[in-house]
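Enquirer: Sharing start20.txt, compact mmCIF, C-alpha atoms:
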# COMPACT_ATOMS: atom_id res chain seq x y z
CA MET A 1152 41.93 2.10 -98.35
CA SER A 1153 38.61 3.86 -98.81
CA ASP A 1154 36.57 5.39 -96.05
CA VAL A 1155 33.38 3.35 -95.72
CA SER A 1156 31.85 5.46 -92.96
CA ASP A 1157 28.71 6.27 -94.96
CA VAL A 1158 27.76 2.66 -95.70
CA SER A 1159 24.53 3.06 -93.78
CA GLU A 1160 23.32 5.80 -96.16
CA ASP A 1161 24.16 3.78 -99.25
CA PRO A 1162 21.51 1.47 -100.70
CA GLY A 1163 24.17 -0.69 -102.35
CA THR A 1164 26.23 -0.28 -105.46
CA VAL A 1165 26.43 -2.34 -108.60
CA TRP A 1166 29.65 -2.20 -110.59
CA LEU A 1167 29.70 -3.51 -114.17
CA HIS A 1168 33.03 -4.23 -115.76
CA TYR A 1169 33.26 -4.84 -119.51
CA SER A 1170 36.58 -6.23 -120.72
CA LEU A 1171 38.33 -7.20 -123.91
CA PRO A 1172 41.80 -8.80 -123.92
CA ARG A 1173 44.51 -6.64 -125.51
CA THR A 1174 46.81 -8.14 -128.16
CA ALA A 1175 49.53 -8.19 -125.48
CA TRP A 1176 47.42 -10.60 -123.40
CA PHE A 1177 47.21 -13.14 -126.23
CA GLU A 1178 50.95 -12.93 -126.78
CA LEU A 1179 51.96 -13.54 -123.14
CA GLU A 1180 53.93 -16.68 -122.36
CA PRO A 1181 51.82 -19.10 -120.27
CA ALA A 1182 53.92 -18.52 -117.14
CA ALA A 1183 53.66 -14.73 -117.43
CA ARG A 1184 49.93 -14.97 -118.02
CA ALA A 1185 49.57 -17.20 -114.95
CA ARG A 1186 51.45 -14.64 -112.83
CA HIS A 1187 49.11 -11.89 -114.01
CA GLU A 1188 46.05 -14.04 -113.38
CA GLU A 1189 47.26 -14.76 -109.86
CA ALA A 1190 47.85 -11.05 -109.18
CA PHE A 1191 44.36 -10.14 -110.42
CA ARG A 1192 42.81 -12.99 -108.42
CA ALA A 1193 44.55 -11.70 -105.28
CA GLU A 1194 42.94 -8.28 -105.76
CA ARG A 1195 39.50 -9.78 -106.37
CA ASP A 1196 39.87 -11.89 -103.23
CA ALA A 1197 40.86 -8.78 -101.27
CA SER A 1198 37.76 -6.97 -102.57
CA GLU A 1199 35.54 -9.84 -101.40
CA ARG A 1200 37.15 -9.64 -97.95
CA LEU A 1201 36.36 -5.90 -97.97
CA GLY A 1202 32.67 -6.57 -98.58
CA GLY A 1203 32.39 -6.86 -102.35
CA LYS A 1204 30.48 -9.72 -103.95
CA ARG A 1205 31.46 -11.01 -107.38
CA ALA A 1206 28.12 -11.99 -108.83
CA GLY A 1207 29.25 -13.48 -112.12
CA VAL A 1208 31.15 -13.18 -115.38
CA PHE A 1209 29.17 -13.35 -118.63
CA HIS A 1210 30.31 -13.70 -122.23
CA VAL A 1211 28.72 -10.95 -124.34
CA ARG A 1212 30.97 -10.78 -127.41
CA GLY A 1213 28.12 -11.52 -129.79
CA GLN A 1214 26.46 -8.15 -129.19
CA SER A 1215 29.04 -5.94 -127.55
CA ASP A 1216 32.32 -4.15 -128.24
CA TYR A 1217 33.69 -6.15 -125.32
CA SER A 1218 34.18 -9.83 -124.65
CA GLU A 1219 32.88 -10.24 -121.11
CA VAL A 1220 30.91 -8.37 -118.50
CA GLU A 1221 31.67 -8.97 -114.85
CA ILE A 1222 29.06 -8.02 -112.24
CA TRP A 1223 29.98 -6.97 -108.72
CA PHE A 1224 28.02 -5.65 -105.76
CA PHE A 1225 29.79 -3.34 -103.32
CA PRO A 1226 28.60 -1.65 -100.15
CA THR A 1227 29.74 1.74 -101.54
CA ALA A 1228 30.98 3.38 -104.74
CA GLU A 1229 34.24 4.10 -102.91
CA LEU A 1230 34.86 0.36 -102.51
CA ALA A 1231 34.09 -0.23 -106.19
CA PHE A 1232 36.62 2.44 -107.17
CA ASP A 1233 39.14 1.04 -104.70
CA HIS A 1234 38.72 -2.45 -106.20
CA TRP A 1235 39.32 -1.10 -109.69
CA SER A 1236 42.26 1.07 -108.64
CA ARG A 1237 44.04 -1.95 -107.11
CA LEU A 1238 43.48 -3.99 -110.28
CA VAL A 1239 44.92 -1.15 -112.38
CA THR A 1240 47.95 -0.91 -110.11
CA ALA A 1241 48.40 -4.69 -110.52
CA GLY A 1242 48.69 -4.20 -114.30
CA TYR A 1243 45.18 -5.24 -115.29
CA THR A 1244 44.62 -2.51 -117.90
CA ASP A 1245 47.90 -3.38 -119.62
CA CYS A 1246 46.20 -6.70 -120.42
CA PHE A 1247 42.55 -5.69 -120.97
CA GLU A 1248 40.60 -2.86 -122.55
CA PHE A 1249 37.66 -1.87 -120.38
CA SER A 1250 34.46 0.05 -119.90
CA ASN A 1251 33.02 0.34 -116.40
CA GLN A 1252 29.73 1.50 -114.92
CA VAL A 1253 28.67 2.18 -111.38
CA GLY A 1254 25.10 2.52 -110.13
CA THR A 1255 23.06 2.62 -106.96
CA ALA A 1256 20.13 0.37 -106.21
CA ASP A 1257 16.73 1.88 -106.92
CA PRO A 1258 14.93 2.07 -103.55
CA ALA A 1259 11.62 1.47 -105.39
CA GLY A 1260 13.00 -1.55 -107.18
CA PRO A 1261 13.18 -5.19 -106.08
CA ALA A 1262 14.85 -6.02 -102.77
CA ALA A 1263 18.60 -5.59 -102.74
CA PRO A 1264 20.52 -8.75 -103.55
CA GLU A 1265 21.64 -10.84 -100.62
CA ALA A 1266 25.21 -9.72 -101.20
CA ILE A 1267 24.37 -6.13 -100.30
CA GLU A 1268 22.33 -6.99 -97.25
CA ARG A 1269 25.07 -9.24 -96.03
CA THR A 1270 27.79 -6.61 -96.30
CA SER A 1271 26.05 -3.39 -95.28
CA MET B 1136 42.96 5.82 -104.69
CA THR B 1137 46.40 5.61 -106.21
CA LEU B 1138 47.64 7.90 -109.00
CA LEU B 1139 47.40 6.61 -112.57
CA SER B 1140 50.70 8.33 -113.33
CA GLU B 1141 53.19 10.20 -111.17
CA GLU B 1142 53.23 13.86 -110.15
CA THR B 1143 55.11 16.27 -112.41
CA ASP B 1144 56.42 19.84 -112.15
CA VAL B 1145 52.96 21.07 -113.19
CA PHE B 1146 50.70 18.61 -111.37
CA GLU B 1147 50.52 17.83 -107.65
CA ALA B 1148 48.52 14.98 -106.11
CA ALA B 1149 45.19 15.98 -104.56
CA PRO B 1150 44.28 14.82 -101.04
CA GLY B 1151 40.85 13.54 -100.02
CA GLN B 1152 38.00 11.91 -101.91
CA ARG B 1153 36.51 14.72 -103.99
CA CYS B 1154 34.80 13.39 -107.09
CA ALA B 1155 34.27 14.82 -110.58
CA VAL B 1156 30.71 14.89 -111.87
CA LEU B 1157 31.20 15.54 -115.57
CA PHE B 1158 28.18 15.78 -117.82
CA LEU B 1159 27.68 15.60 -121.58
CA ALA B 1160 24.13 16.67 -122.28
CA ARG B 1161 21.80 16.96 -125.26
CA ARG B 1162 18.59 18.93 -125.24
CA ARG B 1163 15.51 16.75 -125.39
CA ALA B 1164 13.95 16.66 -128.83
CA PRO B 1165 11.19 17.58 -129.04
CA SER B 1166 11.82 19.94 -126.15
CA PRO B 1167 9.42 19.80 -123.19
CA GLU B 1168 6.22 21.85 -123.53
CA ASN B 1169 7.20 24.06 -120.66
CA PRO B 1170 10.95 23.94 -120.05
CA ASP B 1171 10.65 26.45 -117.20
CA ARG B 1172 9.03 23.76 -115.06
CA ALA B 1173 12.38 21.98 -114.68
CA VAL B 1174 14.32 25.07 -113.71
CA ARG B 1175 13.09 25.79 -110.19
CA PRO B 1176 13.34 22.25 -108.76
CA VAL B 1177 16.71 21.61 -110.39
CA MET B 1178 18.14 24.87 -109.06
CA ALA B 1179 16.73 24.09 -105.60
CA ARG B 1180 18.34 20.66 -105.68
CA LEU B 1181 21.66 22.22 -106.72
CA ASP B 1182 21.41 24.66 -103.80
CA ALA B 1183 21.00 21.67 -101.48
CA LEU B 1184 23.98 19.91 -103.06
CA LYS B 1185 26.08 23.06 -102.65
CA ALA B 1186 25.22 23.04 -98.96
CA GLU B 1187 26.50 19.44 -98.83
CA GLY B 1188 29.85 20.53 -100.25
CA TRP B 1189 29.33 20.24 -103.98
CA ARG B 1190 31.05 22.68 -106.36
CA LEU B 1191 28.84 23.66 -109.27
CA SER B 1192 31.12 25.47 -111.71
CA VAL B 1193 34.52 25.07 -113.30
CA ASP B 1194 35.44 28.45 -111.79
CA ARG B 1195 34.67 27.17 -108.28
CA VAL B 1196 36.58 23.92 -108.87
CA LEU B 1197 39.56 26.00 -110.01
CA ALA B 1198 39.41 28.07 -106.80
CA GLY B 1199 40.36 24.89 -104.94
CA ASP B 1200 40.21 24.05 -101.24
CA GLY B 1201 40.37 26.18 -98.10
CA ALA B 1202 38.40 28.89 -96.35
CA GLU B 1203 39.16 31.58 -98.93
CA ALA B 1204 38.08 29.32 -101.80
CA ASP B 1205 34.83 28.60 -99.96
CA GLU B 1206 33.96 32.30 -100.36
CA HIS B 1207 34.30 32.07 -104.15
CA PRO B 1208 31.02 32.67 -106.05
CA ASP B 1209 29.57 29.41 -107.40
CA SER B 1210 26.62 29.74 -109.78
CA PRO B 1211 25.58 26.50 -111.51
CA THR B 1212 27.36 26.68 -114.84
CA VAL B 1213 27.47 24.74 -118.09
CA TYR B 1214 29.39 25.30 -121.32
CA ALA B 1215 27.52 25.56 -124.62
CA THR B 1216 29.16 23.14 -127.04
CA GLY B 1217 26.43 22.64 -129.63
CA PHE B 1218 28.09 24.90 -132.20
CA SER B 1219 30.66 22.23 -133.05
CA HIS B 1220 29.89 19.07 -131.10
CA ASP B 1221 27.27 16.34 -130.92
CA VAL B 1222 26.24 17.46 -127.43
CA ASP B 1223 24.67 20.80 -126.51
CA PHE B 1224 26.21 21.31 -123.07
CA VAL B 1225 29.22 20.04 -121.16
CA GLY B 1226 30.06 20.89 -117.58
CA LEU B 1227 31.92 19.88 -114.47
CA PHE B 1228 30.63 19.72 -110.93
CA GLU B 1229 32.60 18.29 -108.02
CA ALA B 1230 31.01 16.22 -105.25
CA PRO B 1231 32.56 15.59 -101.81
CA THR B 1232 32.77 11.80 -102.41
CA PRO B 1233 31.90 9.23 -105.09
CA SER B 1234 28.86 8.08 -103.06
CA ALA B 1235 27.65 11.67 -102.84
CA ALA B 1236 28.16 12.01 -106.60
CA LEU B 1237 25.94 9.02 -107.36
CA ARG B 1238 23.21 10.14 -104.95
CA GLY B 1239 23.32 13.70 -106.28
CA VAL B 1240 23.07 12.69 -109.93
CA THR B 1241 20.05 10.53 -109.17
CA ALA B 1242 18.42 13.39 -107.27
CA LEU B 1243 19.14 15.93 -110.01
CA GLU B 1244 17.71 13.71 -112.73
CA ALA B 1245 14.59 13.14 -110.64
CA ALA B 1246 14.20 16.86 -109.90
CA GLY B 1247 13.67 17.65 -113.58
CA TRP B 1248 17.11 17.62 -115.18
CA ALA B 1249 16.12 14.46 -117.10
CA ARG B 1250 13.00 16.22 -118.40
CA ALA B 1251 15.09 18.86 -120.16
CA LEU B 1252 18.34 17.09 -120.98
CA ARG B 1253 19.49 13.65 -122.00
CA THR B 1254 22.81 13.27 -120.22
CA GLN B 1255 25.82 11.04 -119.93
CA TRP B 1256 27.27 11.50 -116.44
CA LEU B 1257 30.89 10.53 -115.82
CA ILE B 1258 32.16 10.39 -112.27
CA GLY B 1259 35.53 9.72 -110.72
CA PRO B 1260 37.96 10.82 -108.03
CA ARG B 1261 40.12 13.92 -108.18
CA GLU B 1262 43.74 12.99 -108.78
CA PHE B 1263 45.68 16.25 -109.20
CA LEU B 1264 45.11 19.72 -107.74
CA PRO B 1265 44.10 22.71 -109.89
CA VAL B 1266 46.84 24.70 -111.61
CA VAL B 1267 46.02 28.41 -111.97
CA GLY B 1268 48.89 30.56 -113.22
CA ALA B 1269 49.44 34.32 -113.21
CA ALA B 1270 48.22 34.58 -116.82
CA SER B 1271 44.79 33.06 -116.08
CA ARG B 1272 41.87 35.51 -116.08
CA PRO B 1273 38.67 34.74 -114.17
CA GLU B 1274 36.64 36.55 -116.83
CA ASP B 1275 37.68 34.04 -119.49
CA ASP B 1276 34.45 32.35 -120.46
CA TRP B 1277 35.53 29.39 -122.57
CA ALA B 1278 36.36 25.91 -121.33
CA PHE B 1279 38.12 22.98 -122.90
CA PHE B 1280 37.23 19.46 -121.76
CA ALA B 1281 39.63 16.66 -122.66
CA LEU B 1282 38.64 13.04 -122.09
CA TRP B 1283 41.44 10.65 -122.77
CA LYS B 1284 42.68 7.13 -122.38
CA TRP B 1285 46.07 5.62 -122.89
CA ASN B 1286 46.42 3.52 -126.02
CA ALA B 1287 47.96 0.08 -126.57
CA ALA B 1288 51.41 1.60 -127.19
CA TRP B 1289 51.38 3.25 -123.74
CA HIS B 1290 50.29 0.02 -122.10
CA ALA B 1291 53.16 -1.79 -123.83
CA ALA B 1292 55.72 0.88 -122.88
CA SER B 1293 58.23 0.58 -120.03
CA ALA B 1294 58.02 2.65 -116.84
CA GLU B 1295 60.97 4.72 -118.10
CA GLN B 1296 59.27 5.40 -121.44
CA ARG B 1297 56.08 6.44 -119.65
CA ARG B 1298 57.97 8.78 -117.33
CA ALA B 1299 59.85 10.38 -120.24
CA TYR B 1300 56.49 10.87 -121.98
CA ASP B 1301 54.97 12.51 -118.88
CA LEU B 1302 57.88 14.96 -118.75
CA GLU B 1303 57.53 15.76 -122.47
CA CYS B 1304 53.83 16.47 -121.98
CA ASP B 1305 54.66 18.60 -118.93
CA VAL B 1306 56.54 21.01 -121.24
CA ALA B 1307 53.29 21.55 -123.14
CA PHE B 1308 51.17 21.83 -119.97
CA ALA B 1309 53.57 24.48 -118.59
CA ALA B 1310 53.20 26.39 -121.88
CA ASP B 1311 49.39 26.11 -121.62
CA VAL B 1312 49.46 27.65 -118.15
CA ARG B 1313 51.72 30.47 -119.36
CA ALA B 1314 49.28 31.08 -122.24
CA GLY B 1315 46.39 31.59 -119.80
CA ALA B 1316 44.88 28.14 -119.33
CA ALA B 1317 43.69 27.41 -115.79
CA ILE B 1318 43.73 23.63 -115.42
CA ALA B 1319 41.27 21.95 -113.03
CA GLY B 1320 43.87 19.34 -112.12
CA ARG B 1321 42.99 15.87 -113.32
CA HIS B 1322 40.18 13.48 -112.39
CA ARG B 1323 40.16 9.72 -112.94
CA LEU B 1324 37.22 8.38 -114.91
CA ASP B 1325 38.38 4.79 -115.36
CA GLY B 1326 36.35 3.34 -112.48
CA ALA B 1327 33.07 4.14 -114.20
CA SER B 1328 33.61 4.75 -117.92
CA GLU B 1329 35.84 3.74 -120.82
CA TRP B 1330 38.07 6.83 -120.31
CA ASP B 1331 41.09 7.06 -118.06
CA HIS B 1332 40.86 10.78 -117.25
CA VAL B 1333 39.33 14.15 -117.81
CA GLY B 1334 41.20 17.43 -117.81
CA VAL B 1335 39.21 20.68 -117.81
CA TRP B 1336 40.72 24.06 -118.66
CA ARG B 1337 39.32 27.58 -118.42
CA VAL B 1338 40.75 29.31 -121.47
CA PRO B 1339 40.74 32.74 -123.15
CA GLY B 1340 39.20 31.35 -126.33
CA VAL B 1341 39.33 29.03 -129.29
CA ALA B 1342 42.61 30.35 -130.73
CA MET B 1343 44.49 29.61 -127.51
CA VAL B 1344 43.28 26.01 -127.53
CA GLN B 1345 44.21 25.55 -131.20
CA ALA B 1346 47.74 26.82 -130.49
CA ALA B 1347 47.95 24.59 -127.42
CA MET B 1348 46.94 21.50 -129.38
CA ARG B 1349 49.67 22.25 -131.93
CA GLU B 1350 52.19 22.31 -129.07
CA HIS B 1351 50.80 19.08 -127.57
CA THR B 1352 51.10 17.49 -131.01
CA ARG B 1353 54.71 18.77 -131.29
CA VAL B 1354 55.71 17.12 -128.00
CA ALA B 1355 53.94 13.94 -129.18
CA ASP B 1356 51.25 13.97 -126.46
CA PHE B 1357 48.95 11.99 -128.71
CA LYS B 1358 51.34 9.17 -129.52
CA PHE B 1359 50.22 7.43 -126.34
CA THR B 1360 46.58 8.49 -126.03
CA THR B 1361 43.17 8.44 -127.60
CA SER B 1362 41.37 11.63 -126.66
CA ARG B 1363 38.08 13.42 -127.20
CA HIS B 1364 37.86 17.17 -126.83
CA TYR B 1365 34.93 19.52 -126.22
CA LEU B 1366 35.12 23.29 -126.39
CA GLY B 1367 32.33 25.39 -124.98
CA ARG B 1368 31.29 28.87 -123.87
CA ARG B 1369 30.19 29.60 -120.31
CA THR B 1370 26.42 29.69 -119.86
CA ARG B 1371 24.22 29.84 -116.78
CA LEU B 1372 22.63 26.46 -116.17
CA ASP B 1373 19.17 27.95 -115.69
CA ASP B 1374 19.43 29.68 -119.09
CA ALA B 1375 20.51 26.41 -120.67
CA LEU B 1376 17.50 24.60 -119.21
CA ARG B 1377 15.07 27.33 -120.37
CA ARG B 1378 16.30 27.68 -123.95
CA LYS B 1379 13.90 26.06 -126.41
Could I get this file's structure written as structure tokens?
Expert:
Amino acid sequence: MSDVSDVSEDPGTVWLHYSLPRTAWFELEPAARARHEEAFRAERDASERLGGKRAGVFHVRGQSDYSEVEIWFFPTAELAFDHWSRLVTAGYTDCFEFSNQVGTADPAGPAAPEAIERTS
Amino acid sequence: MTLLSEETDVFEAAPGQRCAVLFLARRRAPSPENPDRAVRPVMARLDALKAEGWRLSVDRVLAGDGAEADEHPDSPTVYATGFSHDVDFVGLFEAPTPSAALRGVTALEAAGWARALRTQWLIGPREFLPVVGAASRPEDDWAFFALWKWNAAWHAASAEQRRAYDLECDVAFAADVRAGAAIAGRHRLDGASEWDHVGVWRVPGVAMVQAAMREHTRVADFKFTTSRHYLGRRTRLDDALRRK
């Protein structure tokens, strides 16, 4: 598990996850797909217990190489990477192509979302 | 952070949270009126980052951890890639943690880096330790940067097939080290990009890399990956910022 000792220095981290189902995902039997979905849900739930906030999933296929973008807020970049690493270990990238981005809140920008204030 | 694939004879897992800060940079066009104005504040910021535990050159990253490595010279260094690539400079720094990497990139851009260069920054945790063999020469001034991601065939393969593939590739990596490549371990990029990894080598020159890629092709390295390669020549960062 990641060290979160420098949370106080961190203004909050956004993590953007773009995904596109692989061919293998479409070809999964319903029971196998349900097992995968449960495993991925378990990791997302764990990340929320660790302080992450899943802010939404948006369909962007009309103007993107990917199908969906998922927006998370984390107290630190370490927790964002830890979240992703657990999903990968659970087999997520065997099912989905991805592109991820991580960024810190601009101190001069609007107030940090409630999710960050709540967790930091 | 878990390993994306297992250790091999060549590669050993790295402890700690050190984080790659890889950059792919294009000169601004038109270039700034006075490019020198960016140099002093950027170099001062890099000095401050070094004091916080950053490593600012491939050579320093290759020197690794420990008290002796901390004595290694570490001038901010980039590699000139514009002769054959769509970016002018590529380079690798290493931050103490991912949080430090994000803060440092923001500070560097604000200090004037962004005025001179338009940059894609890729960050991610160190996964394997550097591999520096007896044939590697510190004076070698070329570097090879390999970004790669596993393809659909790898994702569909069994654990046994993936392990056999790792061991086949290890034959080629061992040959690379014998031919003089110093390999800066491996860093994960998948948490914040579309790539799985980057591998950075200090190499004697272009011919060595061409021969190495033939060997990696022979052992079928590329059957399971999509990769992008950059080859560049060592350049002082301050010279790169000044050049019009």
Enquirer: Using only C-alpha atoms, find the residues of chain B whose closest atom to chain A is at most 6 Å away, then write them as an MDAnalysis selection string.
Expert: chainID B and resid 1233:1234 1290 1326:1329
Enquirer: Between atom CA of B:Ala1160 and atom CA of B:Thr1254, measure the distance and give it in Å to one decimal.
Expert: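 For atom CA of B:Ala1160 relative to atom CA of B:Thr1254, the distance reads 4.2 Å.
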Enquirer: Quick check, in Å to one decimal: how far apart do atom CA of B:Leu1184 and atom CA of B:Leu1243 lie?
Expert: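 Going from atom CA of B:Leu1184 over to atom CA of B:Leu1243, I get 9.4 Å.
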Enquirer: What does the distance from atom CA of A:Glu1219 to atom CA of B:Lys1284 come to in Å, to one decimal?
Expert: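 Straight-line distance from atom CA of A:Glu1219 to atom CA of B:Lys1284 works out to 20.0 Å.
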Enquirer: What's around A:Val1208 at 9 Å? Count only C-alpha atoms, leave out sequence neighbours fewer than 5 positions away in its own chain, and write the answer as a list in words.
Expert: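 In the requested form, the answer reads Glu1219, Val1220, Glu1221 and Ile1222 of chain A.
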Enquirer: Might you pull out every residue within 12 Å of A:Arg1192, with only C-alpha atoms counted and same-chain residues fewer than 2 positions away left off, and present them as JSON, numbers by chain?
Expert: {"A": [1185, 1186, 1187, 1188, 1189, 1190, 1194, 1195, 1196, 1197, 1198, 1199, 1205, 1234, 1237, 1238, 1241, 1243]}
Enquirer: Do a neighbour search on B:Phe1263 at 6 Å with all atoms listed in the file, toss out local chain neighbours closer than 4 positions, and write the hits as a short mmCIF file (atom, residue, chain, number, x, y, z; two decimals) with C-alpha atoms, keeping the file's coordinate frame.
Expert:
data_model
loop_
_atom_site.label_atom_id
_atom_site.label_comp_id
_atom_site.auth_asym_id
_atom_site.auth_seq_id
_atom_site.Cartn_x
_atom_site.Cartn_y
_atom_site.Cartn_z
CA PHE B 1146 50.70 18.61 -111.37
CA GLU B 1147 50.52 17.83 -107.65
CA ALA B 1148 48.52 14.98 -106.11
CA ALA B 1149 45.19 15.98 -104.56
CA GLY B 1320 43.87 19.34 -112.12
CA ARG B 1321 42.99 15.87 -113.32
#
Enquirer: Restricting the calculation to only C-alpha atoms, which member of B:Asn1169, B:Thr1360, B:Gln1345, B:Gln1152 is positioned closest to B:Trp1330?
Expert: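 Counting only C-alpha atoms, the residue closest to B:Trp1330 is B:Thr1360.
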Enquirer: Pick out the residues sitting within 9 Å of B:Ala1173, and hand them over as a ChimeraX atom specification; count only C-alpha atoms, and ignore anything fewer than 5 positions along from it in its own chain.
Expert: /B:1178,1246-1251,1376-1377
Enquirer: Please write the residues from the selection above to a file, keeping C-alpha atoms, as a PDB file, keeping the file's coordinate frame.
Expert:
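selection.pdb was written with the following content:
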ATOM      1  CA  MET B1178      18.140  24.870-109.060  1.00  0.00           C
ATOM      2  CA  ALA B1246      14.200  16.860-109.900  1.00  0.00           C
ATOM      3  CA  GLY B1247      13.670  17.650-113.580  1.00  0.00           C
ATOM      4  CA  TRP B1248      17.110  17.620-115.180  1.00  0.00           C
ATOM      5  CA  ALA B1249      16.120  14.460-117.100  1.00  0.00           C
ATOM      6  CA  ARG B1250      13.000  16.220-118.400  1.00  0.00           C
ATOM      7  CA  ALA B1251      15.090  18.860-120.160  1.00  0.00           C
ATOM      8  CA  LEU B1376      17.500  24.600-119.210  1.00  0.00           C
ATOM      9  CA  ARG B1377      15.070  27.330-120.370  1.00  0.00           C
TER      10      ARG B1377
END
Enquirer: Ranking B:Val1222, B:Gly1188, B:Leu1257, B:Val1306 by minimum distance to B:Leu1237 and counting all atoms listed in the file, which one comes first?
Expert: B:Leu1257
Enquirer: For the point (37.4, 32.1, -104.2) in the file's frame, write as a ChimeraX atom specification all residues with an atom no more than 12 Å away, counting all atoms listed in the file.
Expert: /B:1190,1192-1209,1273
Enquirer: Pick out the closest residue to B:Asp1311 from this set: B:Trp1289, B:Trp1336, B:Trp1283, B:Tyr1214. Count only C-alpha atoms.
Expert: B:Trp1336
Enquirer: Go through B:Leu1159, B:Cys1304, B:Leu1139, B:Ala1235 and flag the residue nearest B:Asp1223, using only C-alpha atoms for the distances.
Expert: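 Checking each candidate against B:Asp1223, we get B:Leu1159 as the closest.
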Enquirer: From the list B:Asp1331, B:Glu1142, B:Asp1356, B:Asp1276, which residue is nearest B:Ala1215 when using all atoms listed in the file?
Expert: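 Distance minimum relative to B:Ala1215 lands on B:Asp1276.
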Enquirer: Can you fill out stretch 1242-1255 of chain B with N, CA and C atoms and hand it back as a compact mmCIF listing (two decimals), in the coordinates of the input?
Expert:
# COMPACT_ATOMS: atom_id res chain seq x y z
N ALA B 1242 19.36 12.37 -107.76
CA ALA B 1242 18.42 13.39 -107.27
C ALA B 1242 18.20 14.48 -108.31
N LEU B 1243 19.28 14.89 -108.99
CA LEU B 1243 19.14 15.93 -110.01
C LEU B 1243 18.26 15.46 -111.17
N GLU B 1244 18.51 14.24 -111.62
CA GLU B 1244 17.71 13.71 -112.73
C GLU B 1244 16.24 13.68 -112.34
N ALA B 1245 15.97 13.25 -111.10
CA ALA B 1245 14.59 13.14 -110.64
C ALA B 1245 13.94 14.51 -110.47
N ALA B 1246 14.76 15.52 -110.15
CA ALA B 1246 14.20 16.86 -109.90
C ALA B 1246 13.75 17.55 -111.18
N GLY B 1247 14.11 17.01 -112.34
CA GLY B 1247 13.67 17.65 -113.58
C GLY B 1247 14.77 17.79 -114.63
N TRP B 1248 16.01 17.57 -114.22
CA TRP B 1248 17.11 17.62 -115.18
C TRP B 1248 16.81 16.69 -116.36
N ALA B 1249 16.35 15.47 -116.05
CA ALA B 1249 16.12 14.46 -117.10
C ALA B 1249 15.00 14.87 -118.05
N ARG B 1250 14.10 15.75 -117.57
CA ARG B 1250 13.00 16.22 -118.40
C ARG B 1250 13.53 17.13 -119.51
N ALA B 1251 14.58 17.88 -119.20
CA ALA B 1251 15.09 18.86 -120.16
C ALA B 1251 16.27 18.33 -120.97
N LEU B 1252 17.08 17.48 -120.36
CA LEU B 1252 18.34 17.09 -120.98
C LEU B 1252 18.53 15.58 -120.92
N ARG B 1253 19.11 15.06 -121.96
CA ARG B 1253 19.49 13.65 -122.00
C ARG B 1253 21.01 13.63 -121.80
N THR B 1254 21.46 12.99 -120.73
CA THR B 1254 22.81 13.27 -120.22
C THR B 1254 23.62 12.01 -119.99
N GLN B 1255 24.87 12.05 -120.38
CA GLN B 1255 25.82 11.04 -119.93
C GLN B 1255 26.62 11.66 -118.78
